[in-house]
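The data block below is model_11.cif; it holds mmCIF, C-alpha atoms.
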data_run
#
loop_
_atom_site.label_atom_id
_atom_site.label_comp_id
_atom_site.auth_asym_id
_atom_site.auth_seq_id
_atom_site.Cartn_x
_atom_site.Cartn_y
_atom_site.Cartn_z
CA MET B 90 -7.40 -0.52 -2.56
CA SER B 91 -4.11 -2.41 -2.72
CA THR B 92 -2.59 -4.74 -5.29
CA TYR B 93 -1.14 -7.24 -2.82
CA LEU B 94 -3.59 -7.06 0.11
CA ASP B 95 -7.09 -8.58 0.19
CA ILE B 96 -8.61 -5.83 2.29
CA ALA B 97 -12.20 -6.78 1.44
CA ARG B 98 -11.78 -10.18 3.13
CA PHE B 99 -9.60 -9.17 6.05
CA GLY B 100 -12.62 -9.09 8.35
CA GLU B 101 -13.08 -12.83 7.78
CA TYR B 102 -9.47 -13.49 8.75
CA LEU B 103 -9.86 -11.31 11.83
CA ALA B 104 -12.95 -13.21 12.94
CA ARG B 105 -11.06 -16.51 12.68
CA HIS B 106 -7.83 -15.51 14.38
CA ARG B 107 -8.59 -12.54 16.65
CA GLY B 108 -12.35 -12.91 17.01
CA ALA B 109 -12.56 -13.40 20.78
CA GLU B 110 -14.68 -10.77 22.50
CA ALA B 111 -11.81 -9.76 24.78
CA ASP B 112 -9.60 -9.10 21.74
CA ARG B 113 -12.36 -7.18 19.98
CA GLN B 114 -12.94 -4.93 22.98
CA LYS B 115 -9.25 -4.00 23.10
CA ARG B 116 -9.38 -2.92 19.44
CA LEU B 117 -12.30 -0.51 19.87
CA VAL B 118 -11.56 3.19 19.36
CA GLY B 119 -13.54 6.42 19.19
CA VAL B 120 -15.44 8.44 21.76
CA ASP B 121 -18.24 5.87 21.91
CA SER B 122 -15.87 2.88 21.48
CA ARG B 123 -17.86 1.96 18.40
CA HIS B 124 -15.14 1.45 15.80
CA GLY B 125 -13.48 -1.96 15.62
CA SER B 126 -9.97 -1.11 14.46
CA TRP B 127 -7.45 -3.40 12.78
CA TYR B 128 -4.87 -2.62 15.46
CA PHE B 129 -3.80 -4.23 18.74
CA ASP B 130 -1.39 -3.41 21.58
CA ILE B 131 -2.85 0.12 21.51
CA VAL B 132 -1.06 2.53 23.86
CA ARG B 133 -2.57 6.02 24.05
CA PHE B 134 -0.53 9.13 24.75
CA PHE B 135 -3.48 11.09 26.19
CA GLY B 136 -6.15 10.53 28.83
CA ASN B 137 -6.06 9.36 32.43
CA GLU B 138 -3.71 6.42 31.85
CA ALA B 139 -1.59 8.03 29.17
CA ALA B 140 1.98 7.02 28.43
CA ASN B 141 4.28 10.01 27.94
CA PRO B 142 6.35 9.56 24.76
CA SER B 143 8.88 12.12 26.01
CA LYS B 144 9.71 9.76 28.88
CA ILE B 145 9.94 6.59 26.77
CA ARG B 146 13.61 5.90 26.10
CA ILE B 147 14.93 4.78 22.74
CA VAL B 148 17.28 1.81 23.08
CA TYR B 149 19.45 0.80 20.13
CA ASP B 150 19.25 -2.94 19.60
CA SER B 151 22.65 -4.42 18.73
CA ALA B 152 21.71 -8.05 19.42
CA GLN B 153 22.61 -10.68 16.84
CA ARG B 154 19.52 -11.44 14.77
CA GLN B 155 18.33 -14.98 14.10
CA SER B 156 18.59 -16.24 10.54
CA PRO B 157 15.49 -15.06 8.68
CA ASP B 158 12.83 -17.52 7.54
CA LYS B 159 13.99 -18.72 4.11
CA LEU B 160 10.53 -18.80 2.54
CA ILE B 161 9.71 -15.31 3.79
CA GLY B 162 13.10 -14.10 2.53
CA GLN B 163 12.47 -15.53 -0.95
CA PHE B 164 8.99 -14.04 -1.06
CA ASN B 165 10.23 -10.64 0.14
CA ALA B 166 12.84 -10.56 -2.64
CA LYS B 167 10.16 -11.38 -5.20
CA ILE B 168 7.82 -8.61 -3.99
CA ALA B 169 10.68 -6.10 -3.81
CA ALA B 170 11.59 -6.88 -7.43
CA ALA B 171 7.95 -6.49 -8.51
CA LEU B 172 7.55 -3.15 -6.73
CA ARG B 173 10.84 -1.91 -8.14
CA ALA B 174 9.72 -2.85 -11.67
CA GLU B 175 6.47 -0.96 -11.10
CA GLY B 176 8.36 2.11 -9.88
CA ARG B 177 6.77 1.83 -6.44
CA LEU B 178 9.71 0.84 -4.25
CA TYR B 179 11.04 3.63 -2.04
CA ASP B 180 14.78 4.08 -2.51
CA GLY B 181 16.22 6.00 0.40
CA PRO B 182 17.83 5.83 3.84
CA PRO B 183 17.26 2.88 6.22
CA VAL B 184 14.04 2.91 8.22
CA VAL B 185 13.37 2.05 11.86
CA GLN B 186 12.40 -1.44 12.95
CA ILE B 187 10.99 -1.74 16.46
CA THR B 188 12.26 -4.93 18.08
CA GLY B 189 10.83 -4.48 21.56
CA ALA B 190 8.53 -2.29 23.64
CA GLU B 191 8.39 -1.93 27.41
CA TRP B 192 5.47 0.04 28.86
CA SER B 193 5.93 -0.56 32.62
CA PRO B 194 5.83 2.77 34.50
CA GLY B 195 9.33 4.01 35.21
CA ALA B 196 10.93 1.57 32.77
CA GLU B 197 9.29 2.59 29.50
CA SER B 198 11.46 2.03 26.45
CA ILE B 199 11.35 1.22 22.74
CA SER B 200 14.12 -0.88 21.17
CA ILE B 201 14.99 -0.13 17.56
CA ARG B 202 17.39 -1.13 14.80
CA ALA B 203 18.08 -0.01 11.24
CA LEU B 204 16.27 -1.78 8.39
CA ASP B 205 16.59 -1.42 4.64
CA TYR B 206 13.18 -0.35 3.30
CA ALA B 207 13.11 -3.22 0.80
CA GLU B 208 13.52 -5.79 3.58
CA GLN B 209 9.99 -5.14 4.89
CA VAL B 210 7.88 -5.30 1.73
CA ALA B 211 6.68 -8.87 2.27
CA GLY B 212 4.33 -7.34 4.84
CA PHE B 213 2.79 -5.23 2.08
CA ALA B 214 1.84 -8.42 0.20
CA MET B 215 0.33 -10.64 2.87
CA ASP B 216 -2.47 -11.87 0.58
CA PHE B 217 -0.63 -12.18 -2.72
CA PRO B 218 -0.90 -15.82 -3.89
CA ASP B 219 2.43 -17.61 -4.28
CA GLU B 220 3.39 -21.24 -4.84
CA ILE B 221 5.98 -20.90 -2.06
CA PHE B 222 3.10 -21.02 0.45
CA LYS B 223 0.93 -23.62 -1.32
CA ARG B 224 1.03 -26.00 1.66
CA TRP B 225 -0.27 -23.22 3.91
CA GLY B 226 -3.19 -21.90 1.90
CA GLY B 227 -1.17 -20.07 -0.72
CA THR B 228 -0.41 -16.77 1.03
CA LEU B 229 2.12 -15.32 3.45
CA ARG B 230 -0.70 -14.41 5.85
CA ASN B 231 -1.72 -18.06 6.23
CA TYR B 232 1.90 -19.20 6.48
CA VAL B 233 2.78 -16.75 9.25
CA ARG B 234 -0.29 -17.52 11.31
CA GLU B 235 0.32 -21.28 11.13
CA MET B 236 4.10 -21.31 11.53
CA TYR B 237 4.45 -18.35 13.92
CA PRO B 238 1.31 -18.21 16.10
CA SER B 239 2.88 -15.88 18.69
CA TYR B 240 2.25 -12.14 18.44
CA ASP B 241 5.36 -11.36 20.49
CA LEU B 242 7.15 -8.38 18.95
CA ALA B 243 10.65 -9.59 19.74
CA ASN B 244 10.10 -12.85 17.83
CA ALA B 245 8.13 -11.48 14.92
CA PRO B 246 8.98 -13.43 11.72
CA LEU B 247 8.51 -10.42 9.44
CA LYS B 248 10.85 -7.48 9.26
CA SER B 249 8.61 -4.44 9.57
CA GLY B 250 9.49 -0.78 9.55
CA VAL B 251 7.51 1.42 11.91
CA GLY B 252 4.98 3.72 10.27
CA VAL B 253 4.02 7.22 11.32
CA CYS B 254 0.94 9.18 10.27
CA GLY B 255 -1.08 12.21 11.24
CA MET B 256 -4.32 14.07 10.66
CA VAL B 257 -3.92 17.78 9.92
CA VAL B 258 -6.51 19.83 11.80
CA THR B 259 -7.10 23.49 10.99
CA LYS B 260 -7.85 25.94 13.80
CA GLU B 261 -8.92 28.86 11.62
CA ASN B 262 -12.54 28.81 12.83
CA ALA B 263 -15.36 26.56 13.92
CA PRO B 264 -16.22 24.04 12.65
CA THR B 265 -12.77 22.51 12.41
CA GLN B 266 -11.50 20.99 9.17
CA VAL B 267 -9.49 17.76 8.81
CA LEU B 268 -7.35 17.09 5.74
CA SER B 269 -7.63 13.71 4.03
CA VAL B 270 -5.69 12.66 0.93
CA LYS B 271 -6.03 10.02 -1.75
CA ARG B 272 -2.74 8.17 -1.83
CA SER B 273 -0.80 8.11 -5.07
CA ALA B 274 -0.80 5.01 -7.26
CA ARG B 275 3.02 5.17 -7.08
CA LEU B 276 3.17 4.23 -3.40
CA ALA B 277 4.25 0.76 -2.27
CA SER B 278 1.20 0.11 -0.11
CA LEU B 279 -2.41 1.26 0.31
CA GLU B 280 -2.13 3.01 -3.04
CA ASN B 281 -5.24 4.73 -4.44
CA SER B 282 -6.96 4.77 -1.05
CA VAL B 283 -8.02 7.70 1.14
CA GLY B 284 -5.50 7.93 3.94
CA PRO B 285 -4.47 10.29 6.75
CA SER B 286 -3.16 13.75 5.85
CA VAL B 287 0.41 12.42 5.95
CA ALA B 288 1.83 8.92 6.33
CA GLY B 289 5.19 7.27 5.87
CA SER B 290 8.00 5.25 7.41
CA VAL B 291 10.26 6.45 10.21
CA GLU B 292 13.77 6.98 8.86
CA PHE B 293 16.57 5.60 11.03
CA ALA B 294 18.89 7.92 12.96
CA ASP B 295 21.48 6.99 15.56
CA ASN B 296 20.66 9.84 17.95
CA PHE B 297 17.01 9.47 18.94
CA ARG B 298 16.75 9.82 22.70
CA THR B 299 13.03 9.37 23.33
CA LEU B 300 9.98 8.16 21.46
CA GLY B 301 8.62 11.70 21.58
CA GLU B 302 11.69 12.98 19.76
CA LEU B 303 11.44 10.19 17.18
CA ILE B 304 7.80 11.06 16.50
CA GLU B 305 8.44 14.80 16.30
CA ARG B 306 11.36 14.54 13.89
CA SER B 307 9.65 11.94 11.71
CA MET B 308 6.43 13.92 11.46
CA ASN B 309 8.29 17.14 10.70
CA ARG B 310 9.84 15.43 7.70
CA GLU B 311 6.51 14.02 6.51
CA VAL B 312 4.55 17.26 6.93
CA GLN B 313 7.17 19.40 5.24
CA GLU B 314 7.83 17.01 2.35
CA GLU B 315 4.26 15.86 1.70
CA LEU B 316 2.34 19.08 2.38
CA GLY B 317 4.89 21.86 1.97
CA LEU B 318 4.25 23.38 5.41
CA LYS B 319 6.99 25.15 7.37
CA GLN B 320 7.93 23.96 10.84
CA GLU B 321 6.76 27.13 12.57
CA GLU B 322 3.31 26.81 10.98
CA TYR B 323 2.12 23.69 12.81
CA SER B 324 2.53 21.60 15.94
CA VAL B 325 2.59 17.82 16.30
CA ARG B 326 0.76 16.02 19.11
CA PRO B 327 1.41 12.25 19.52
CA LEU B 328 -1.79 10.26 19.95
CA ALA B 329 -0.92 6.57 20.18
CA TYR B 330 1.25 3.57 19.39
CA ALA B 331 -0.35 0.42 18.01
CA ARG B 332 0.39 -2.63 15.87
CA GLU B 333 -1.41 -3.06 12.57
CA MET B 334 -2.59 -6.55 11.70
CA LEU B 335 -3.24 -6.14 7.98
CA ARG B 336 0.41 -5.61 7.05
CA GLY B 337 2.08 -8.19 9.26
CA ASP B 338 1.55 -6.70 12.75
CA ARG B 339 3.77 -3.71 11.98
CA PRO B 340 4.04 -0.95 14.62
CA GLN B 341 2.39 2.37 13.81
CA LEU B 342 2.53 5.80 15.48
CA PHE B 343 -0.47 8.12 15.23
CA THR B 344 -0.50 11.91 15.64
CA VAL B 345 -2.54 15.05 15.14
CA VAL B 346 -1.01 18.05 13.37
CA GLU B 347 -2.58 21.38 14.36
CA THR B 348 -2.15 24.48 12.24
CA ASN B 349 -3.47 28.04 12.09
CA LEU B 350 -3.19 28.03 8.31
CA THR B 351 -6.44 28.17 6.41
CA CYS B 352 -7.64 25.38 4.16
CA THR B 353 -6.92 27.63 1.19
CA GLU B 354 -3.35 28.19 2.34
CA ILE B 355 -2.74 24.48 2.89
CA ALA B 356 -4.22 23.64 -0.50
CA GLY B 357 -1.93 26.22 -2.09
CA ARG B 358 1.15 24.62 -0.51
CA MET B 359 0.12 21.15 -1.69
CA GLU B 360 -0.65 22.28 -5.22
CA ALA B 361 2.74 24.00 -5.41
CA LEU B 362 4.58 20.71 -4.85
CA PRO B 363 6.17 19.23 -7.99
CA SER B 364 3.98 16.47 -9.40
CA GLU B 365 6.79 13.92 -9.15
CA ALA B 366 7.19 14.64 -5.43
CA ARG B 367 3.51 14.29 -4.51
CA GLU B 368 2.38 11.27 -2.53
CA PHE B 369 -1.26 12.16 -3.11
CA SER B 370 -3.44 12.31 -6.21
CA GLU B 371 -6.37 14.17 -4.63
CA PHE B 372 -7.22 15.78 -1.31
CA GLU B 373 -10.17 17.29 0.53
CA PHE B 374 -11.05 18.90 3.83
CA VAL B 375 -13.63 17.11 5.97
CA GLU B 376 -15.65 19.27 8.33
CA LEU B 377 -15.83 18.41 12.02
CA THR B 378 -18.84 19.57 14.02
CA HIS B 379 -18.57 19.11 17.79
CA GLY B 380 -15.44 17.04 17.20
CA LYS B 381 -17.04 14.63 14.74
CA PRO B 382 -17.30 14.53 10.93
CA ALA B 383 -20.35 13.59 8.93
CA ALA B 384 -20.63 9.82 8.54
CA THR B 385 -20.04 10.14 4.81
CA GLY B 386 -16.68 11.80 5.49
CA VAL B 387 -15.27 8.89 7.46
CA ALA B 388 -16.80 6.19 5.25
CA SER B 389 -14.33 6.92 2.46
CA PHE B 390 -11.27 6.63 4.73
CA ASN B 391 -9.02 3.57 4.60
CA PHE B 392 -8.49 1.61 7.84
CA GLU B 393 -5.37 3.63 8.77
CA ALA B 394 -7.15 6.96 8.35
CA LYS B 395 -10.14 5.70 10.34
CA MET B 396 -7.87 4.66 13.19
CA ASN B 397 -6.13 8.04 13.12
CA TYR B 398 -9.46 9.87 12.99
CA TYR B 399 -11.08 7.96 15.88
CA LEU B 400 -8.01 8.52 18.06
CA LEU B 401 -8.25 12.21 17.15
CA GLU B 402 -11.92 12.15 18.14
CA GLU B 403 -11.01 10.68 21.54
CA TRP B 404 -8.29 13.29 22.05
CA LEU B 405 -10.59 16.19 21.19
CA ALA B 406 -13.16 14.89 23.67
CA SER B 407 -10.51 14.52 26.38
CA ARG B 408 -9.73 18.25 26.17
CA GLN B 409 -13.29 19.35 26.85
#

Entire entry expressed as structure tokens:
Amino acid sequence: MSTYLDIARFGEYLARHRGAEADRQKRLVGVDSRHGSWYFDIVRFFGNEAANPSKIRIVYDSAQRQSPDKLIGQFNAKIAAALRAEGRLYDGPPVVQITGAEWSPGAESISIRALDYAEQVAGFAMDFPDEIFKRWGGTLRNYVREMYPSYDLANAPLKSGVGVCGMVVTKENAPTQVLSVKRSARLASLENSVGPSVAGSVEFADNFRTLGELIERSMNREVQEELGLKQEEYSVRPLAYAREMLRGDRPQLFTVVETNLTCTEIAGRMEALPSEAREFSEFEFVELTHGKPAATGVASFNFEAKMNYYLLEEWLASRQ
């Protein structure tokens, strides 16, 4: 699924380092709490105890940063060079790094700073063997867990951009359809896997006021660029914030994108995109019956798409 991540063996790592039953329970998602996700610090934006992203302030972090870990810096430069040589390194505006999160009622805020996209790519190669980490089992994942055992966001050793993704749901008729895409081989991470309808990094801006605004603007860009939809043709509903363990505990924002367009219309927009601009190689619509897809539909999803889907499933159930 990914050149630099050992996804097949991540379950073993999880059992060793986050295998306590209390941790496992906190990672469960889905209507029946049956799916053990690869995410922690999950904060839902729906339900009885929902956080409201429109009331979560964005705070711009201007604090002086500590000197980065030299080994991680060397490794990051090596991975960035490799991805650039492969034509898979995104070259664009700075992205958002989340440096702190406060969820206490009445004081909710997210602290952010600008980050060059290339500064975060070490997290896309957590399992790539390198002599730099020979003393620690040969990989960045082992090095980080031994040298930096804390999961505190403010002291995270890796520079990680925040990701945003969403499942497109059609409302043309019942049963509902959900769009899934096979990610292009040209992408820097999770290439050639079946992901959410849209997924990407949050580009930095100096005028975000709330987390809700950050999510809305970021998803508008992703939906319009990756699918070719117009802003008046869909609506974005934030689902949750969480931190993903596979790629260095990076923060991720999940959404659902509702549209009245038909599957045929959406497919037409996607097929009209220039081949060089496409972030997908294939796509399909998965049917939902009573808010759930057939088991075979979800089985093909990567871990990010599964997390997005099961949050969507919870949200659909909460509206009944």

Would you pick out the contacts of segment 385-392 of chain B at 12 Å or less, using all atoms listed in the file, so that residues sharing its chain but fewer than 6 positions from it are not included, and give the list as a PDB file with C-alpha atoms, keeping the file's coordinate frame?
ATOM      1  CA  MET B  90      -7.400  -0.520  -2.560  1.00  0.00           C
ATOM      2  CA  SER B  91      -4.110  -2.410  -2.720  1.00  0.00           C
ATOM      3  CA  ILE B  96      -8.610  -5.830   2.290  1.00  0.00           C
ATOM      4  CA  ALA B  97     -12.200  -6.780   1.440  1.00  0.00           C
ATOM      5  CA  PHE B  99      -9.600  -9.170   6.050  1.00  0.00           C
ATOM      6  CA  GLY B 100     -12.620  -9.090   8.350  1.00  0.00           C
ATOM      7  CA  HIS B 124     -15.140   1.450  15.800  1.00  0.00           C
ATOM      8  CA  GLY B 125     -13.480  -1.960  15.620  1.00  0.00           C
ATOM      9  CA  SER B 126      -9.970  -1.110  14.460  1.00  0.00           C
ATOM     10  CA  TRP B 127      -7.450  -3.400  12.780  1.00  0.00           C
ATOM     11  CA  TYR B 128      -4.870  -2.620  15.460  1.00  0.00           C
ATOM     12  CA  MET B 256      -4.320  14.070  10.660  1.00  0.00           C
ATOM     13  CA  GLN B 266     -11.500  20.990   9.170  1.00  0.00           C
ATOM     14  CA  VAL B 267      -9.490  17.760   8.810  1.00  0.00           C
ATOM     15  CA  LEU B 268      -7.350  17.090   5.740  1.00  0.00           C
ATOM     16  CA  SER B 269      -7.630  13.710   4.030  1.00  0.00           C
ATOM     17  CA  VAL B 270      -5.690  12.660   0.930  1.00  0.00           C
ATOM     18  CA  LYS B 271      -6.030  10.020  -1.750  1.00  0.00           C
ATOM     19  CA  ARG B 272      -2.740   8.170  -1.830  1.00  0.00           C
ATOM     20  CA  SER B 278       1.200   0.110  -0.110  1.00  0.00           C
ATOM     21  CA  LEU B 279      -2.410   1.260   0.310  1.00  0.00           C
ATOM     22  CA  GLU B 280      -2.130   3.010  -3.040  1.00  0.00           C
ATOM     23  CA  ASN B 281      -5.240   4.730  -4.440  1.00  0.00           C
ATOM     24  CA  SER B 282      -6.960   4.770  -1.050  1.00  0.00           C
ATOM     25  CA  VAL B 283      -8.020   7.700   1.140  1.00  0.00           C
ATOM     26  CA  GLY B 284      -5.500   7.930   3.940  1.00  0.00           C
ATOM     27  CA  PRO B 285      -4.470  10.290   6.750  1.00  0.00           C
ATOM     28  CA  SER B 286      -3.160  13.750   5.850  1.00  0.00           C
ATOM     29  CA  GLU B 333      -1.410  -3.060  12.570  1.00  0.00           C
ATOM     30  CA  MET B 334      -2.590  -6.550  11.700  1.00  0.00           C
ATOM     31  CA  LEU B 335      -3.240  -6.140   7.980  1.00  0.00           C
ATOM     32  CA  ARG B 336       0.410  -5.610   7.050  1.00  0.00           C
ATOM     33  CA  PHE B 372      -7.220  15.780  -1.310  1.00  0.00           C
ATOM     34  CA  GLU B 373     -10.170  17.290   0.530  1.00  0.00           C
ATOM     35  CA  PHE B 374     -11.050  18.900   3.830  1.00  0.00           C
ATOM     36  CA  VAL B 375     -13.630  17.110   5.970  1.00  0.00           C
ATOM     37  CA  GLU B 376     -15.650  19.270   8.330  1.00  0.00           C
ATOM     38  CA  LEU B 377     -15.830  18.410  12.020  1.00  0.00           C
ATOM     39  CA  THR B 378     -18.840  19.570  14.020  1.00  0.00           C
ATOM     40  CA  TYR B 398      -9.460   9.870  12.990  1.00  0.00           C
ATOM     41  CA  TYR B 399     -11.080   7.960  15.880  1.00  0.00           C
ATOM     42  CA  GLU B 402     -11.920  12.150  18.140  1.00  0.00           C
TER      43      GLU B 402
END

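This file, queried with the PyMOL selection byres ((chain B and resi 136) around 10), gives the residues B:Arg133, B:Phe134, B:Phe135, B:Asn137, B:Glu138, B:Ala139, B:Ala140, B:Leu328, B:Glu403, B:Trp404, B:Ala406, B:Ser407, B:Arg408.
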
Write the residues of the preceding selection, restricted to C-alpha atoms, as a tab-separated table (two decimals), in the coordinates of the input.
chain	number	residue	atom	x	y	z
B	133	ARG	CA	-2.57	6.02	24.05
B	134	PHE	CA	-0.53	9.13	24.75
B	135	PHE	CA	-3.48	11.09	26.19
B	137	ASN	CA	-6.06	9.36	32.43
B	138	GLU	CA	-3.71	6.42	31.85
B	139	ALA	CA	-1.59	8.03	29.17
B	140	ALA	CA	1.98	7.02	28.43
B	328	LEU	CA	-1.79	10.26	19.95
B	403	GLU	CA	-11.01	10.68	21.54
B	404	TRP	CA	-8.29	13.29	22.05
B	406	ALA	CA	-13.16	14.89	23.67
B	407	SER	CA	-10.51	14.52	26.38
B	408	ARG	CA	-9.73	18.25	26.17

Using all atoms listed in the file, tabulate the residues of segment 165-244 of chain B lying at most 10 Å from any atom of segment 340-353 of chain B, each with its closest atom pair and that distance in Å to one decimal, by chain and increasing residue number, as CSV.
residue,atom,partner,partner_atom,distance
B:Gln186,CA,B:Pro340,CA,8.5
B:Ile187,CA,B:Pro340,CA,7.2
B:Thr188,CA,B:Pro340,CA,9.8
B:Leu242,CA,B:Pro340,CA,9.1

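Nearest residue to Ser151 of chain B, choosing from B:Ala190, B:Met396, B:Leu316, B:Ala203 and counting all atoms listed in the file: B:Ala203.
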
**Fill in**
Judged by only C-alpha atoms, the minimum distance to Ser249 of chain B among B:Met215, B:Val185, B:Ala277, B:Ala111 is found for B:Val185

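Here atom CA of Gly252 of chain B is placed at a distance of 13.9 Å from atom CA of Asp205 of chain B.
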
Pull out segment 97-123 of chain B, keep N, CA and C atoms, and write it as a short mmCIF file (atom, residue, chain, number, x, y, z; two decimals), in the first residue's frame.
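Written file, out20.cif:
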data_model
loop_
_atom_site.label_atom_id
_atom_site.label_comp_id
_atom_site.auth_asym_id
_atom_site.auth_seq_id
_atom_site.Cartn_x
_atom_site.Cartn_y
_atom_site.Cartn_z
N ALA B 97 1.22 -3.68 6.88
CA ALA B 97 0.83 -5.04 7.22
C ALA B 97 1.21 -5.42 8.65
N ARG B 98 2.27 -4.81 9.18
CA ARG B 98 2.75 -5.17 10.51
C ARG B 98 2.44 -4.11 11.57
N PHE B 99 1.68 -3.10 11.19
CA PHE B 99 1.43 -2.04 12.15
C PHE B 99 0.61 -2.54 13.34
N GLY B 100 -0.24 -3.52 13.11
CA GLY B 100 -1.02 -4.08 14.21
C GLY B 100 -0.14 -4.64 15.31
N GLU B 101 1.00 -5.24 14.94
CA GLU B 101 1.93 -5.78 15.93
C GLU B 101 2.51 -4.65 16.77
N TYR B 102 2.90 -3.56 16.11
CA TYR B 102 3.44 -2.41 16.82
C TYR B 102 2.39 -1.85 17.77
N LEU B 103 1.16 -1.76 17.31
CA LEU B 103 0.08 -1.21 18.11
C LEU B 103 -0.16 -2.06 19.36
N ALA B 104 -0.08 -3.37 19.20
CA ALA B 104 -0.28 -4.26 20.34
C ALA B 104 0.81 -4.07 21.39
N ARG B 105 2.03 -3.77 20.94
CA ARG B 105 3.14 -3.59 21.88
C ARG B 105 3.08 -2.26 22.60
N HIS B 106 2.71 -1.21 21.89
CA HIS B 106 2.85 0.14 22.44
C HIS B 106 1.53 0.79 22.86
N ARG B 107 0.43 0.41 22.28
CA ARG B 107 -0.86 0.99 22.66
C ARG B 107 -1.90 -0.12 22.81
N GLY B 108 -1.45 -1.25 23.38
CA GLY B 108 -2.30 -2.43 23.45
C GLY B 108 -3.17 -2.54 24.68
N ALA B 109 -3.06 -1.61 25.62
CA ALA B 109 -3.88 -1.66 26.82
C ALA B 109 -5.36 -1.57 26.45
N GLU B 110 -6.20 -2.28 27.20
CA GLU B 110 -7.62 -2.30 26.88
C GLU B 110 -8.25 -0.91 26.93
N ALA B 111 -7.80 -0.09 27.86
CA ALA B 111 -8.35 1.27 27.95
C ALA B 111 -8.03 2.06 26.69
N ASP B 112 -6.81 1.90 26.16
CA ASP B 112 -6.44 2.58 24.92
C ASP B 112 -7.25 2.05 23.75
N ARG B 113 -7.41 0.74 23.70
CA ARG B 113 -8.16 0.13 22.60
C ARG B 113 -9.60 0.61 22.58
N GLN B 114 -10.22 0.70 23.73
CA GLN B 114 -11.61 1.15 23.80
C GLN B 114 -11.76 2.57 23.26
N LYS B 115 -10.80 3.43 23.55
CA LYS B 115 -10.87 4.81 23.09
C LYS B 115 -10.72 4.93 21.58
N ARG B 116 -10.14 3.91 20.94
CA ARG B 116 -9.93 3.94 19.49
C ARG B 116 -11.09 3.36 18.71
N LEU B 117 -12.07 2.78 19.37
CA LEU B 117 -13.18 2.13 18.68
C LEU B 117 -14.11 3.16 18.04
N VAL B 118 -14.53 2.88 16.82
CA VAL B 118 -15.45 3.75 16.10
C VAL B 118 -16.50 2.90 15.39
N GLY B 119 -17.55 3.56 14.91
CA GLY B 119 -18.65 2.86 14.26
C GLY B 119 -19.84 2.75 15.17
N VAL B 120 -21.00 2.55 14.58
CA VAL B 120 -22.25 2.48 15.34
C VAL B 120 -22.19 1.44 16.45
N ASP B 121 -21.59 0.30 16.17
CA ASP B 121 -21.51 -0.78 17.15
C ASP B 121 -20.17 -0.80 17.88
N SER B 122 -19.37 0.27 17.72
CA SER B 122 -18.04 0.36 18.33
C SER B 122 -17.24 -0.91 18.08
N ARG B 123 -17.26 -1.35 16.83
CA ARG B 123 -16.62 -2.62 16.50
C ARG B 123 -15.31 -2.46 15.73
#
